[in-house]
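Q: My questions all concern the structure below.
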Amino acid sequence: MFFLITIFLTALVSALFGLLPGKLQRRSVIKQDIVWAVGLWLATWLFAGFAYHRPGLTVGFNAFRLVAVTALSGWTGFVTAGLRSFGRKGLKAVVPLLLVTALGLEVFVGNVAYFNTHSYEPFQLVDYLDENINVGRGLGTISLDEGRTYLRFLDIDHPIYNLRFDGLVSDDTDPLHADSAVTFTIEGTDAANTELTRFGSWQIGLQAPRTHTISLDLTGNVGIMTLTAAGYNSTYAQFPVALTFSGITANAPRALDFSVLRFIAVFLALLTLYGLRPASGLWHRRWLAGNVCDRAAAAVLGLVLAAFVVVVPFWEPSNTGLATKDYNTAFWDGKSTVSFVYQQYGALAHSLLNAMVSATRPLPEGGNDLNTGVRKVSIMAAVAVFEMNIEKMPVMSMKPSSTFSERLPNGAIRAFAIITSSPLLVAAMASTKPPRKRMMVGSAKHAITP
């Protein structure tokens, strides 16, 4: 019943906002208005179908879902009708609409998991834990360590859409492992797999609550499920298995998580797109030569772009190449003020920085081999890049535009001609299509400093 009522309400709301621009502009209804109304209604239900795919759009369709889908339809209709009616009225009319757009994106898109899981019926997976499994059992708690890493749950007979660890804490007393990580391998049986099948891995940061929940893609009811823990292990960091938890909730509803930072970032992105659209006045005015208001607007736009330059590299901390006691803690060495992350761009930045530091130090004493070693190490990276982006056309000649002939010794007349001439150098030319497959093979001897 709620499903049919929602279909009717969303159709009514879509028709209202689809035809509203015609009324505001005092014109009759045209074909474009009808297309907008139908498009809004279809877009609303297409998004709802993706958002409620587990367990299904019509499964458990209650009053809350009715309100949510209708509100989604109202938000999309309001934003599109406003942009169609006032999109050409200038920045004062568009900014409020962009705020509403960013707000709706944060609520409906950024928190789609909240709406999807609202109707879930949670249960405790620990109630199905095999009693023969060797784990640390406390008063309402279960502990895992390096010798006990296996969990097995029998006769579940329930669909499982997600899992969430409750009361998860670390038992590792090493202060450098405060922000440790553990990876669980998930295996189980469901309606489509009668034998134990691997369904993926679950990496958990013990101090990162957002990683304590994982969504699963299983078919029908689950019979058996196993979780096998393994400590995080890489070349530069090793964390053992040492944790305690109070329970594992299956089908846990997600909480509404409104992120102010994400809302502001989306709003700035929308504002930037609007300001840089082809019809924008930014492309037709001399901002730096204008009045105070023009310069202020240019400064604001520059700050918006600069904010993206600052925020984007730190969106995925493990790729930035930096770690401190407060940032990217899992990769911090526990001693240095700033540690370098040895992966991807971080490793490259660290290597180049070491080369530049070496080049600025005084050359050590100890012979020609040691003196040239530091120079070779310092310039190899620059030479490799240079080799890949230019053609091999060295400076071959110097052609003076004028010369002065006198009866002077050969050396003196040559020097005088160079000084009084305008040299024309034949230098290496940049290639528009530099060769991609080129290898430079060489060796360098490292300087030994006392």
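Naming works like this for the structure tokens: A, B, ... for the chains as they're shown, residue 1 at the start of each chain, ligands 1 onward in shown order.
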Looking only at helix (DSSP H, G or I) from DSSP on the backbone, list the matching residues of region 86-234 of chain A as a PyMOL selection string.
A: chain A and resi 86+91-109+112-117+125-128+175-177+209-212
Q: Mind checking which residues fall within 6 Å of region 181-185 of chain A, counting only C-alpha atoms, ignoring those fewer than 3 positions away in the same chain, and posting them as a ChimeraX atom specification?
A: /A:201-206,227-232
Q: So that I can check the surroundings of Leu98 (chain A), please list as number ranges by chain every protein, DNA and RNA residue that reaches within 7 Å of it, counting only C-alpha atoms and ignoring chain neighbours fewer than 4 positions away.
A: A: 94, 102, 267, 270
Q: Residues as selected, C-alpha atoms, written as a compact mmCIF listing (two decimals), in the first residue's frame, can you do that?
A:
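The result, stored in selection28.txt:
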# COMPACT_ATOMS: atom_id res chain seq x y z
CA VAL A 94 21.89 30.82 -8.23
CA ALA A 102 24.75 20.53 -2.10
CA PHE A 267 29.09 23.36 -2.63
CA LEU A 270 29.25 23.33 -7.76
Q: Can you tell me, as a compact mmCIF listing (two decimals) with C-alpha atoms, in the first residue's frame, which residues in region 71-214 of chain A count as strand (DSSP E) by DSSP?
A:
# COMPACT_ATOMS: atom_id res chain seq x y z
CA PHE A 123 20.80 -9.87 15.02
CA GLN A 124 23.91 -10.97 16.92
CA GLY A 136 39.53 -15.96 24.42
CA ARG A 137 36.18 -15.75 26.20
CA ILE A 142 35.77 -12.40 22.83
CA SER A 143 39.51 -11.98 22.28
CA LEU A 144 41.77 -12.92 19.37
CA TYR A 150 39.66 -18.16 13.61
CA LEU A 151 35.91 -17.63 14.10
CA ARG A 152 33.20 -19.99 12.81
CA PHE A 153 29.44 -19.47 12.95
CA HIS A 158 19.39 -15.60 7.98
CA PRO A 159 20.19 -13.23 5.15
CA ASN A 162 26.43 -6.29 6.42
CA LEU A 163 28.55 -6.97 9.50
CA ARG A 164 29.65 -4.62 12.28
CA PHE A 165 32.10 -5.20 15.12
CA ASP A 166 30.82 -3.91 18.48
CA VAL A 169 39.48 -2.47 21.13
CA SER A 170 43.17 -3.27 20.71
CA ALA A 181 45.04 -2.79 11.51
CA VAL A 182 43.68 -6.31 11.07
CA THR A 183 42.40 -8.05 7.94
CA PHE A 184 39.61 -10.63 8.14
CA THR A 185 39.05 -13.16 5.35
CA ILE A 186 35.30 -13.86 4.99
CA GLU A 187 34.09 -17.26 3.83
CA GLY A 188 30.65 -18.83 3.96
CA THR A 189 27.80 -20.68 2.35
CA ASP A 190 24.56 -19.20 1.01
CA ASN A 193 27.09 -21.76 -2.73
CA THR A 194 26.76 -24.97 -0.73
CA GLU A 195 30.53 -25.16 -0.14
CA LEU A 196 32.59 -22.62 1.76
CA THR A 197 33.28 -19.77 -0.65
CA ARG A 198 35.51 -16.76 -0.15
CA PHE A 199 33.42 -13.57 -0.20
CA GLY A 200 36.25 -11.08 0.21
CA SER A 201 38.47 -9.52 2.84
CA TRP A 202 37.70 -6.96 5.52
CA GLN A 203 40.48 -4.60 6.57
CA ILE A 204 39.78 -2.97 9.93
CA GLY A 205 41.59 -0.07 11.54
CA THR A 213 31.30 -2.12 9.24
CA ILE A 214 31.36 -3.93 5.90
Q: Could you state the separation of CA of Phe263 (chain A) and CA of Glu106 (chain A) in Å, given to one decimal place?
A: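 Distance reported for this atom pair: 5.9 Å.
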Q: Mind pulling up the distance from CA of Ser119 (chain A) to CA of Leu40 (chain A)?
A: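 Going from CA of Leu40 (chain A) over to CA of Ser119 (chain A), I get 25.4 Å.
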Q: Residues at most 7 Å from Pro122 (chain A), counting only C-alpha atoms, excluding those fewer than 2 positions away in the same chain, as a count of residues only?
A: 5
Q: What does the distance from CA of Arg88 (chain A) to CA of Ser280 (chain A) come to in Å, to one decimal?
A: 10.3 Å
Q: Quick one: of A:Ser180, A:Asn62, A:Thr101, A:Thr337, who's nearest to Leu83 (chain A), counting only C-alpha atoms?
A: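 For Leu83 (chain A), the nearest of the given residues is A:Thr101.
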Q: Give the answer as one residue: which of A:Ala71, A:Ile248, A:Ile224, A:Leu218 has the shortest atom-to-atom distance to Val126 (chain A), using only C-alpha atoms?
A: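 Ranked by minimum distance to Val126 (chain A), first place goes to A:Ile248.
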Q: With only C-alpha atoms as the atoms that count, which of A:Gly138, A:Gly77, A:Gly110, A:Pro55 lies nearest to Asp257 (chain A)?
A: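 The answer is A:Gly110, which sits nearest to Asp257 (chain A).
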Q: Find the residues around Gly140 (chain A) up to 10 Å (only C-alpha atoms counted), leave out those fewer than 4 positions away in its own chain, and share them as an MDAnalysis selection string.
A: chainID A and resid 245:247
Q: Which residues come within 8 Å of Leu66 (chain A), counting only C-alpha atoms, excluding same-chain residues fewer than 2 positions away, as a ChimeraX atom specification?
A: /A:2-3,5-6,61-64,68-70
Q: Keeping only N, CA and C atoms, write those residues as a compact mmCIF listing (two decimals), in the first residue's frame.
A:
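Writing done, so here's part_12.txt:
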# COMPACT_ATOMS: atom_id res chain seq x y z
N PHE A 2 1.89 1.30 0.88
CA PHE A 2 2.77 2.46 0.92
C PHE A 2 3.49 2.65 -0.41
N PHE A 3 3.79 1.56 -1.08
CA PHE A 3 4.48 1.65 -2.36
C PHE A 3 3.62 2.34 -3.41
N ILE A 5 1.08 4.39 -2.84
CA ILE A 5 0.90 5.79 -2.45
C ILE A 5 2.12 6.61 -2.83
N THR A 6 3.31 6.05 -2.67
CA THR A 6 4.55 6.77 -3.01
C THR A 6 4.63 7.03 -4.51
N PHE A 61 8.69 -2.01 2.36
CA PHE A 61 8.41 -0.61 2.01
C PHE A 61 7.42 -0.05 3.03
N ASN A 62 7.93 0.80 3.94
CA ASN A 62 7.11 1.32 5.03
C ASN A 62 6.91 2.82 4.88
N ALA A 63 6.36 3.44 5.94
CA ALA A 63 6.07 4.87 5.90
C ALA A 63 7.35 5.70 5.81
N PHE A 64 8.43 5.23 6.47
CA PHE A 64 9.69 5.97 6.40
C PHE A 64 10.20 6.03 4.97
N ALA A 68 10.92 9.28 2.56
CA ALA A 68 12.24 9.49 2.00
C ALA A 68 12.20 9.65 0.48
N VAL A 69 11.47 8.77 -0.20
CA VAL A 69 11.41 8.84 -1.66
C VAL A 69 10.67 10.09 -2.11
N THR A 70 9.60 10.45 -1.39
CA THR A 70 8.86 11.66 -1.75
C THR A 70 9.71 12.91 -1.54
Q: With only C-alpha atoms as the counted atoms, please give the residues lying no more than 12 Å from Val35 (chain A), apart from itself and same-chain residues fewer than 3 positions off, as a VMD selection string.
A: chain A and resid 14 to 15 17 to 19 29 to 32 38 to 43
Q: So which one's closest to Ile264 (chain A), A:Val100, A:Ala242, A:Asn233, A:Asp217? Using only C-alpha atoms, please.
A: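 Answer, going by the shortest atom-to-atom distance: A:Val100.
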